[in-house]
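Below is one structure; the comments refer to it alone.
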Amino acid sequence: MLPTRKRTAMVKKSISGLLELANNPSRINIAVAYDSDDEESKNYFESNQWKLLVENTGATQEVHVIERKGWKDLHVYYNYLATYIRSDWYFVWNDDAFMRTQGWDDELWEHRDYRGLISMESNGKRPDSTLFPCVPSLWQYTFGQIGINPVDQWIQDINYEVGTYKRIKSKIFHDHFAVTGNNNDEVYQETSKTKKFTKRAYKTEENKALKNSWIEIWKTALENENNSTAK
């Protein structure tokens, strides 16, 4: 799932690398969401260049245009995409993320029956954190959405608490300005202005209560799944 804005060159590099390093791209569906006022993205994603980039590998693609929400509502893009996708797994991706491991899709496939968060190592200040979570369909079925902003931390916090967390060997390079000094563009400038607001909002008592309710719901969903499998 890839929300993006005015970063078509980065999207091309990110997605082409993701698919080139997949051993079986036919298992992969690239779902994009961009803003209705983003002419750069409109021109690119409506072009044959984009369609061939994905579909020539055997992968599939779908593109969704939505009203602009902005970075502080980034979760809305992921939740929107997850509503329209039917998949065994939902992989949160960024346009400044680059896969580094050949056969990463096979490694995910090996853990396809796992019911919890799967993550890959990525560069950053906290190597144990989950920046690009991958969750099973049970997660989307249970909650009807991926989460709230920031979705990576939201998914991580809930699964850490429940103990449903698996780190696999595949690696991702995150070419984010705060980490590498690259891509200090219009998109990053917007995110930097709203980041403090997002962090404060995440820590409100209301969100803490919501997180605790998700934790209990997730525990119940997993118990029901285990009981169903046992039968």
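Ligands are numbered from 1 in the order shown, chains are lettered A, B, ... in the order of the structure tokens, and residues start at 1 in each chain.
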
Self-check item: Long-range neighbours of Thr101 in chain A as a list of chain:residue names, 8 Å cut-off, only C-alpha atoms, 6 positions minimum in chain
Solution: A:Leu21, A:Ser170, A:Lys171, A:Ile172

Hey, can you spit out that residue selection with N, CA and C atoms as a compact mmCIF listing (two decimals), in the first residue's frame?
```
# COMPACT_ATOMS: atom_id res chain seq x y z
N LEU A 21 13.58 -7.44 -7.00
CA LEU A 21 14.13 -8.28 -5.94
C LEU A 21 13.14 -9.34 -5.46
N SER A 170 14.94 -10.05 5.78
CA SER A 170 14.98 -9.09 4.67
C SER A 170 15.14 -7.66 5.20
N LYS A 171 15.80 -6.82 4.42
CA LYS A 171 16.14 -5.46 4.87
C LYS A 171 15.60 -4.41 3.90
N ILE A 172 15.28 -3.25 4.48
CA ILE A 172 14.77 -2.11 3.72
C ILE A 172 15.65 -0.89 4.00
```

Give one line per residue of range 74-96 of chain A that approaches range 105-111 of chain A to at most 12 Å, naming the two atoms of the closest pair and their distance in Å to one decimal, counting only C-alpha atoms; sort by chain then ascending residue number and deliver it as a Markdown table.
```
| residue | atom | partner | partner_atom | distance |
| --- | --- | --- | --- | --- |
| A:Asp88 | CA | A:Trp109 | CA | 10.2 |
| A:Trp89 | CA | A:Leu108 | CA | 9.3 |
| A:Tyr90 | CA | A:Leu108 | CA | 11.3 |
| A:Phe91 | CA | A:Leu108 | CA | 10.4 |
```

Selection above as a file: C-alpha atoms, as a compact mmCIF listing (two decimals), in the first residue's frame:
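What landed in selection_17.txt:
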```txt
# COMPACT_ATOMS: atom_id res chain seq x y z
CA ASP A 88 -3.72 -12.24 2.50
CA TRP A 89 -1.27 -9.61 3.76
CA TYR A 90 -1.16 -5.81 3.87
CA PHE A 91 2.32 -4.28 3.53
```

Self-check item: Separation of CA of Ala221 in chain A from CA of Arg112 in chain A, in Å and rounded to one decimal
Solution: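 Separation between CA of Ala221 in chain A and CA of Arg112 in chain A: 17.3 Å.
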
Quiz item: What lies within 9 Å of Lys211 in chain A using only C-alpha atoms, ignoring chain neighbours under 6 positions off, as a list in words?
Solution: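 My list of contacting residues is Trp154, Asp157 and Ile158 of chain A.
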
Quiz item: Looking at only C-alpha atoms, which of A:Ser213, A:Asn183, A:Gln153, A:Asn24 is the one that sits closest to Ser129 in chain A?
Solution: A:Gln153

Which parts of range 102-185 of chain A does DSSP call alpha helix (DSSP H) when run on the backbone here, written out as a PDB file with N, CA and C atoms, in the first residue's frame?
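Output file result_11.pdb follows:
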```pdb
ATOM      1  N   TRP A 104      12.776 -11.356  -0.925  1.00  0.00           N
ATOM      2  CA  TRP A 104      12.036 -10.915   0.266  1.00  0.00           C
ATOM      3  C   TRP A 104      10.614 -11.459   0.265  1.00  0.00           C
ATOM      4  N   ASP A 105      10.043 -11.623  -0.930  1.00  0.00           N
ATOM      5  CA  ASP A 105       8.676 -12.131  -1.021  1.00  0.00           C
ATOM      6  C   ASP A 105       8.597 -13.600  -0.610  1.00  0.00           C
ATOM      7  N   ASP A 106       9.651 -14.371  -0.928  1.00  0.00           N
ATOM      8  CA  ASP A 106       9.683 -15.765  -0.499  1.00  0.00           C
ATOM      9  C   ASP A 106       9.743 -15.868   1.015  1.00  0.00           C
ATOM     10  N   GLU A 107      10.493 -14.951   1.631  1.00  0.00           N
ATOM     11  CA  GLU A 107      10.596 -14.985   3.093  1.00  0.00           C
ATOM     12  C   GLU A 107       9.242 -14.680   3.735  1.00  0.00           C
ATOM     13  N   LEU A 108       8.535 -13.708   3.184  1.00  0.00           N
ATOM     14  CA  LEU A 108       7.176 -13.448   3.675  1.00  0.00           C
ATOM     15  C   LEU A 108       6.273 -14.652   3.436  1.00  0.00           C
ATOM     16  N   TRP A 109       6.408 -15.260   2.280  1.00  0.00           N
ATOM     17  CA  TRP A 109       5.578 -16.414   1.935  1.00  0.00           C
ATOM     18  C   TRP A 109       5.798 -17.564   2.918  1.00  0.00           C
ATOM     19  N   GLU A 110       7.029 -17.734   3.359  1.00  0.00           N
ATOM     20  CA  GLU A 110       7.342 -18.798   4.317  1.00  0.00           C
ATOM     21  C   GLU A 110       6.596 -18.604   5.641  1.00  0.00           C
ATOM     22  N   SER A 137      -4.519 -10.587   6.816  1.00  0.00           N
ATOM     23  CA  SER A 137      -5.893 -10.174   6.542  1.00  0.00           C
ATOM     24  C   SER A 137      -6.750 -10.196   7.805  1.00  0.00           C
ATOM     25  N   LEU A 138      -6.375 -11.033   8.780  1.00  0.00           N
ATOM     26  CA  LEU A 138      -7.121 -11.088  10.031  1.00  0.00           C
ATOM     27  C   LEU A 138      -7.137  -9.722  10.711  1.00  0.00           C
ATOM     28  N   TRP A 139      -6.061  -8.983  10.589  1.00  0.00           N
ATOM     29  CA  TRP A 139      -5.975  -7.642  11.176  1.00  0.00           C
ATOM     30  C   TRP A 139      -7.013  -6.718  10.536  1.00  0.00           C
ATOM     31  N   GLN A 140      -7.030  -6.672   9.213  1.00  0.00           N
ATOM     32  CA  GLN A 140      -7.980  -5.820   8.503  1.00  0.00           C
ATOM     33  C   GLN A 140      -9.418  -6.286   8.742  1.00  0.00           C
ATOM     34  N   TYR A 141      -9.619  -7.580   8.759  1.00  0.00           N
ATOM     35  CA  TYR A 141     -10.959  -8.130   8.991  1.00  0.00           C
ATOM     36  C   TYR A 141     -11.450  -7.774  10.391  1.00  0.00           C
ATOM     37  N   THR A 142     -10.553  -7.808  11.358  1.00  0.00           N
ATOM     38  CA  THR A 142     -10.913  -7.551  12.755  1.00  0.00           C
ATOM     39  C   THR A 142     -11.260  -6.093  12.996  1.00  0.00           C
ATOM     40  N   PHE A 143     -10.444  -5.192  12.467  1.00  0.00           N
ATOM     41  CA  PHE A 143     -10.597  -3.771  12.784  1.00  0.00           C
ATOM     42  C   PHE A 143     -11.260  -2.962  11.675  1.00  0.00           C
ATOM     43  N   VAL A 151       0.814   4.899  11.581  1.00  0.00           N
ATOM     44  CA  VAL A 151       0.336   3.519  11.513  1.00  0.00           C
ATOM     45  C   VAL A 151       1.411   2.515  11.894  1.00  0.00           C
ATOM     46  N   ASP A 152       2.677   2.823  11.569  1.00  0.00           N
ATOM     47  CA  ASP A 152       3.739   1.878  11.907  1.00  0.00           C
ATOM     48  C   ASP A 152       3.855   1.703  13.423  1.00  0.00           C
ATOM     49  N   GLN A 153       3.861   2.812  14.142  1.00  0.00           N
ATOM     50  CA  GLN A 153       3.963   2.725  15.595  1.00  0.00           C
ATOM     51  C   GLN A 153       2.706   2.113  16.208  1.00  0.00           C
ATOM     52  N   TRP A 154       1.555   2.454  15.645  1.00  0.00           N
ATOM     53  CA  TRP A 154       0.285   1.918  16.147  1.00  0.00           C
ATOM     54  C   TRP A 154       0.259   0.391  16.052  1.00  0.00           C
ATOM     55  N   ILE A 155       0.587  -0.124  14.890  1.00  0.00           N
ATOM     56  CA  ILE A 155       0.606  -1.573  14.688  1.00  0.00           C
ATOM     57  C   ILE A 155       1.664  -2.225  15.568  1.00  0.00           C
ATOM     58  N   GLN A 156       2.823  -1.595  15.638  1.00  0.00           N
ATOM     59  CA  GLN A 156       3.909  -2.134  16.454  1.00  0.00           C
ATOM     60  C   GLN A 156       3.516  -2.208  17.926  1.00  0.00           C
ATOM     61  N   ASP A 157       2.992  -1.119  18.467  1.00  0.00           N
ATOM     62  CA  ASP A 157       2.678  -1.061  19.896  1.00  0.00           C
ATOM     63  C   ASP A 157       1.670  -2.145  20.285  1.00  0.00           C
ATOM     64  N   ILE A 158       0.667  -2.336  19.460  1.00  0.00           N
ATOM     65  CA  ILE A 158      -0.381  -3.317  19.776  1.00  0.00           C
ATOM     66  C   ILE A 158       0.176  -4.735  19.711  1.00  0.00           C
ATOM     67  N   ASN A 159       0.920  -5.039  18.668  1.00  0.00           N
ATOM     68  CA  ASN A 159       1.450  -6.393  18.525  1.00  0.00           C
ATOM     69  C   ASN A 159       2.570  -6.691  19.518  1.00  0.00           C
ATOM     70  N   TYR A 160       3.364  -5.693  19.881  1.00  0.00           N
ATOM     71  CA  TYR A 160       4.368  -5.891  20.919  1.00  0.00           C
ATOM     72  C   TYR A 160       3.698  -6.262  22.245  1.00  0.00           C
ATOM     73  N   GLU A 161       2.618  -5.567  22.542  1.00  0.00           N
ATOM     74  CA  GLU A 161       1.908  -5.803  23.797  1.00  0.00           C
ATOM     75  C   GLU A 161       1.316  -7.213  23.836  1.00  0.00           C
ATOM     76  N   VAL A 162       0.802  -7.660  22.701  1.00  0.00           N
ATOM     77  CA  VAL A 162       0.166  -8.980  22.644  1.00  0.00           C
ATOM     78  C   VAL A 162       1.196 -10.095  22.463  1.00  0.00           C
ATOM     79  N   PHE A 177      14.751  12.082   4.870  1.00  0.00           N
ATOM     80  CA  PHE A 177      15.642  13.204   5.158  1.00  0.00           C
ATOM     81  C   PHE A 177      16.198  13.149   6.577  1.00  0.00           C
ATOM     82  N   ALA A 178      15.375  12.789   7.546  1.00  0.00           N
ATOM     83  CA  ALA A 178      15.817  12.766   8.942  1.00  0.00           C
ATOM     84  C   ALA A 178      16.890  11.713   9.188  1.00  0.00           C
ATOM     85  N   VAL A 179      16.987  10.731   8.289  1.00  0.00           N
ATOM     86  CA  VAL A 179      17.955   9.648   8.452  1.00  0.00           C
ATOM     87  C   VAL A 179      19.161   9.835   7.536  1.00  0.00           C
ATOM     88  N   THR A 180      18.902  10.180   6.269  1.00  0.00           N
ATOM     89  CA  THR A 180      19.982  10.239   5.281  1.00  0.00           C
ATOM     90  C   THR A 180      20.335  11.654   4.837  1.00  0.00           C
TER      91      THR A 180
END
```

Self-check item: Nearest-residue call for Arg27 in chain A, choices A:Ile118, A:Val54, A:Ala59, A:Ala9, using only C-alpha atoms
Solution: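 The answer is A:Ala59, which sits nearest to Arg27 in chain A.
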
Quiz item: Neighbours of range 198-200 of chain A within 10 Å (only C-alpha atoms; same-chain residues fewer than 6 positions away dropped), as a PyMOL selection string?
Solution: chain A and resi 71-73+149-150+191

Go ahead and save the picked residues with N, CA and C atoms, as a JSON list (two decimals), in the first residue's frame.
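Once everything was written out, this is out21.json:
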```json
[["chain", "number", "residue", "atom", "x", "y", "z"],
["A", 71, "TRP", "N", -0.19, 14.98, 5.43],
["A", 71, "TRP", "CA", 0.60, 13.99, 6.16],
["A", 71, "TRP", "C", 0.02, 13.64, 7.52],
["A", 72, "LYS", "N", -0.57, 14.62, 8.21],
["A", 72, "LYS", "CA", -1.07, 14.30, 9.55],
["A", 72, "LYS", "C", -2.25, 13.33, 9.51],
["A", 73, "ASP", "N", -2.81, 13.14, 8.34],
["A", 73, "ASP", "CA", -3.86, 12.14, 8.15],
["A", 73, "ASP", "C", -3.39, 11.03, 7.21],
["A", 149, "ASN", "N", -2.62, 7.32, 12.76],
["A", 149, "ASN", "CA", -1.31, 7.87, 12.49],
["A", 149, "ASN", "C", -0.51, 8.06, 13.78],
["A", 150, "PRO", "N", 0.78, 7.64, 13.77],
["A", 150, "PRO", "CA", 1.50, 6.93, 12.72],
["A", 150, "PRO", "C", 1.19, 5.44, 12.73],
["A", 191, "THR", "N", 5.58, 17.32, 6.10],
["A", 191, "THR", "CA", 5.59, 16.36, 7.21],
["A", 191, "THR", "C", 6.28, 16.93, 8.43]]
```

Practice problem: Measuring atom to atom with only C-alpha atoms, identify which of A:Ser228, A:Pro25, A:Trp93, A:Val11 is nearest to Thr60 in chain A. | Solution: A:Pro25

Practice problem: Taking the DSSP assignment computed from this structure's backbone, write out as a VMD selection string all residues of range 46-177 of chain A that belong to strand (DSSP E or B). | Solution: chain A and resid 60 to 66 89 to 91 97 to 99 117 to 122 134 to 136 165 to 174

Self-check item: Counting only C-alpha atoms, the residue of A:Gly17, A:Pro136, A:Gly124, A:Gly70 that sits nearest Lys193 in chain A
Solution: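 The closest residue to Lys193 in chain A is A:Gly70.
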
Quiz prompt | Best match for closeness to Gly103 in chain A among A:Asn23, A:Trp50, A:Asp37, A:Leu74, counting only C-alpha atoms | solution =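 Among the listed residues, A:Asn23 lies closest to Gly103 in chain A.
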
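When only C-alpha atoms are used to measure the gap to Ala97 in chain A, the shortest distance among A:Thr83, A:Thr204, A:Ser14, A:Asn123 belongs to A:Ser14.
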
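Residues in contact with range 184-188 of chain A at up to 8 Å, not including ones fewer than 4 positions away on its chain and judged by only C-alpha atoms, are Arg5, Lys6, Phe177 and Ser192 of chain A.
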
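You will find CA of Arg7 in chain A at 16.3 Å from CA of Ile66 in chain A.
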
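The interatomic distance for the pair CA of Asn182 in chain A and CA of Asp95 in chain A works out to 12.9 Å.
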